[in-house]
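Structure record follows, encoded as structure tokens.
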Amino acid sequence: MDNDAKKRLRPKILIIALIATVFSIVVIAYGLWIAAISPRHRWITPAIRSGGSENIVTSEISVSRTGLAFSLYNSTDEDTTYGEFWELVRWRFGRWHPVSHRGVNRFMSEVALSFPSGAINQYHIEWDWLFGELQNGRYMFIRKYFNDYLLIEFTIDADTSTVLP
């Protein structure tokens, strides 16, 4: 191969090397992203597959772009427990995805809170500190109870208030 052919080939090789490098970086970044959210996916997937609790009854739901308020009634004959941990997911591209955190380290203790049989608990959950103001879309709040899950699905649209009343 003569020198002119080598000179013409050199830019093509550099472009191919650049494309391969960018592709490798994207693949590595995607793997790191999946590794970072996979614990959340492992927790969320069984909850959604369960379809939620039939024994924990939800009522009086109020939603804003920055929070959720609701009441729960334990209709079972048994006391149950739950932790402080909860999750928020958004329906996008045909499946549920965890809502991205705002760079806040989310530490929830493993305290077991009691929910006695026949009790009614009221909750007011603010997520502005963790998720920011939610964009328009379909969302689901998930909380795990002892052997069950609570799923509250809601929609944020142009008429949704920024804060709870």
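Residue numbering restarts at 1 for every chain of the structure tokens, chains are lettered A, B, ... in their displayed order, and ligands are numbered from 1 as they appear.
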
Query raised in the report: Which residues come within 6 Å of segment 57-61 of chain A, counting only C-alpha atoms, excluding same-chain residues fewer than 5 positions away, as a list in words?
Result: Ala69, Phe70, Ser71, Leu72 and Tyr73 of chain A

Interface rows for segment 48-128 of chain A against segment 140-154 of chain A: nearest pair, Å to one decimal, 7 Å, only C-alpha atoms, as JSON lines:
{"residue": "A:Gly52", "atom": "CA", "partner": "A:Tyr149", "partner_atom": "CA", "distance": 4.8}
{"residue": "A:Ser53", "atom": "CA", "partner": "A:Tyr149", "partner_atom": "CA", "distance": 5.4}
{"residue": "A:Thr80", "atom": "CA", "partner": "A:Phe146", "partner_atom": "CA", "distance": 6.2}
{"residue": "A:Thr81", "atom": "CA", "partner": "A:Phe146", "partner_atom": "CA", "distance": 5.5}
{"residue": "A:Tyr82", "atom": "CA", "partner": "A:Tyr145", "partner_atom": "CA", "distance": 4.5}
{"residue": "A:Phe85", "atom": "CA", "partner": "A:Arg143", "partner_atom": "CA", "distance": 6.7}
{"residue": "A:Trp86", "atom": "CA", "partner": "A:Arg143", "partner_atom": "CA", "distance": 4.6}
{"residue": "A:Glu87", "atom": "CA", "partner": "A:Ile142", "partner_atom": "CA", "distance": 5.1}
{"residue": "A:Leu88", "atom": "CA", "partner": "A:Phe141", "partner_atom": "CA", "distance": 4.7}
{"residue": "A:Val89", "atom": "CA", "partner": "A:Met140", "partner_atom": "CA", "distance": 5.3}
{"residue": "A:Arg90", "atom": "CA", "partner": "A:Met140", "partner_atom": "CA", "distance": 6.4}

Requested in this report: Work out how far atom CA of Glu84 of chain A is from atom CA of Ala112 of chain A, in Å to one decimal.
Outcome: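 Computing it gives 7.7 Å between the two atoms.
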
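Relative to atom CA of Ser24 of chain A, atom CA of Arg10 of chain A is found at 21.0 Å.
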
Requested in this report: Mind checking which residues fall within 12 Å of Ser62 of chain A, counting only C-alpha atoms, ignoring those fewer than 6 positions away in the same chain, and posting them as a PyMOL selection string?
Outcome: chain A and resi 68-71+122-126+152-156+160-165

**Report entry** Residue list (helix (DSSP H, G or I), DSSP) for segment 65-133 of chain A, as an NGL selection string
**Finding:** :A and (128-131)

If you count only C-alpha atoms, which residues fall within 8 Å of Asp157 of chain A, apart from same-chain ones fewer than 3 positions away, as a PDB file with N, CA and C atoms, in the first residue's frame?
ATOM      1  N   GLN A 135     -43.573  16.065  36.967  1.00  0.00           N
ATOM      2  CA  GLN A 135     -44.048  16.484  35.652  1.00  0.00           C
ATOM      3  C   GLN A 135     -45.370  15.790  35.361  1.00  0.00           C
ATOM      4  N   ASN A 136     -46.071  16.241  34.328  1.00  0.00           N
ATOM      5  CA  ASN A 136     -47.306  15.584  33.923  1.00  0.00           C
ATOM      6  C   ASN A 136     -47.016  14.124  33.600  1.00  0.00           C
ATOM      7  N   GLY A 137     -47.935  13.241  34.000  1.00  0.00           N
ATOM      8  CA  GLY A 137     -47.763  11.830  33.703  1.00  0.00           C
ATOM      9  C   GLY A 137     -48.532  10.952  34.669  1.00  0.00           C
ATOM     10  N   THR A 160     -53.223  19.903  38.112  1.00  0.00           N
ATOM     11  CA  THR A 160     -52.782  19.429  39.427  1.00  0.00           C
ATOM     12  C   THR A 160     -52.080  20.562  40.162  1.00  0.00           C
TER      13      THR A 160
END

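Nearest-residue note for Ile120 of chain A: choosing from A:Gly67, A:Asp2, A:Pro11, A:Asn74, the minimum distance belongs to A:Asn74, counting only C-alpha atoms.
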
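Straight-line separation from atom CA of Phe131 of chain A to atom CA of Val63 of chain A: 14.5 Å.
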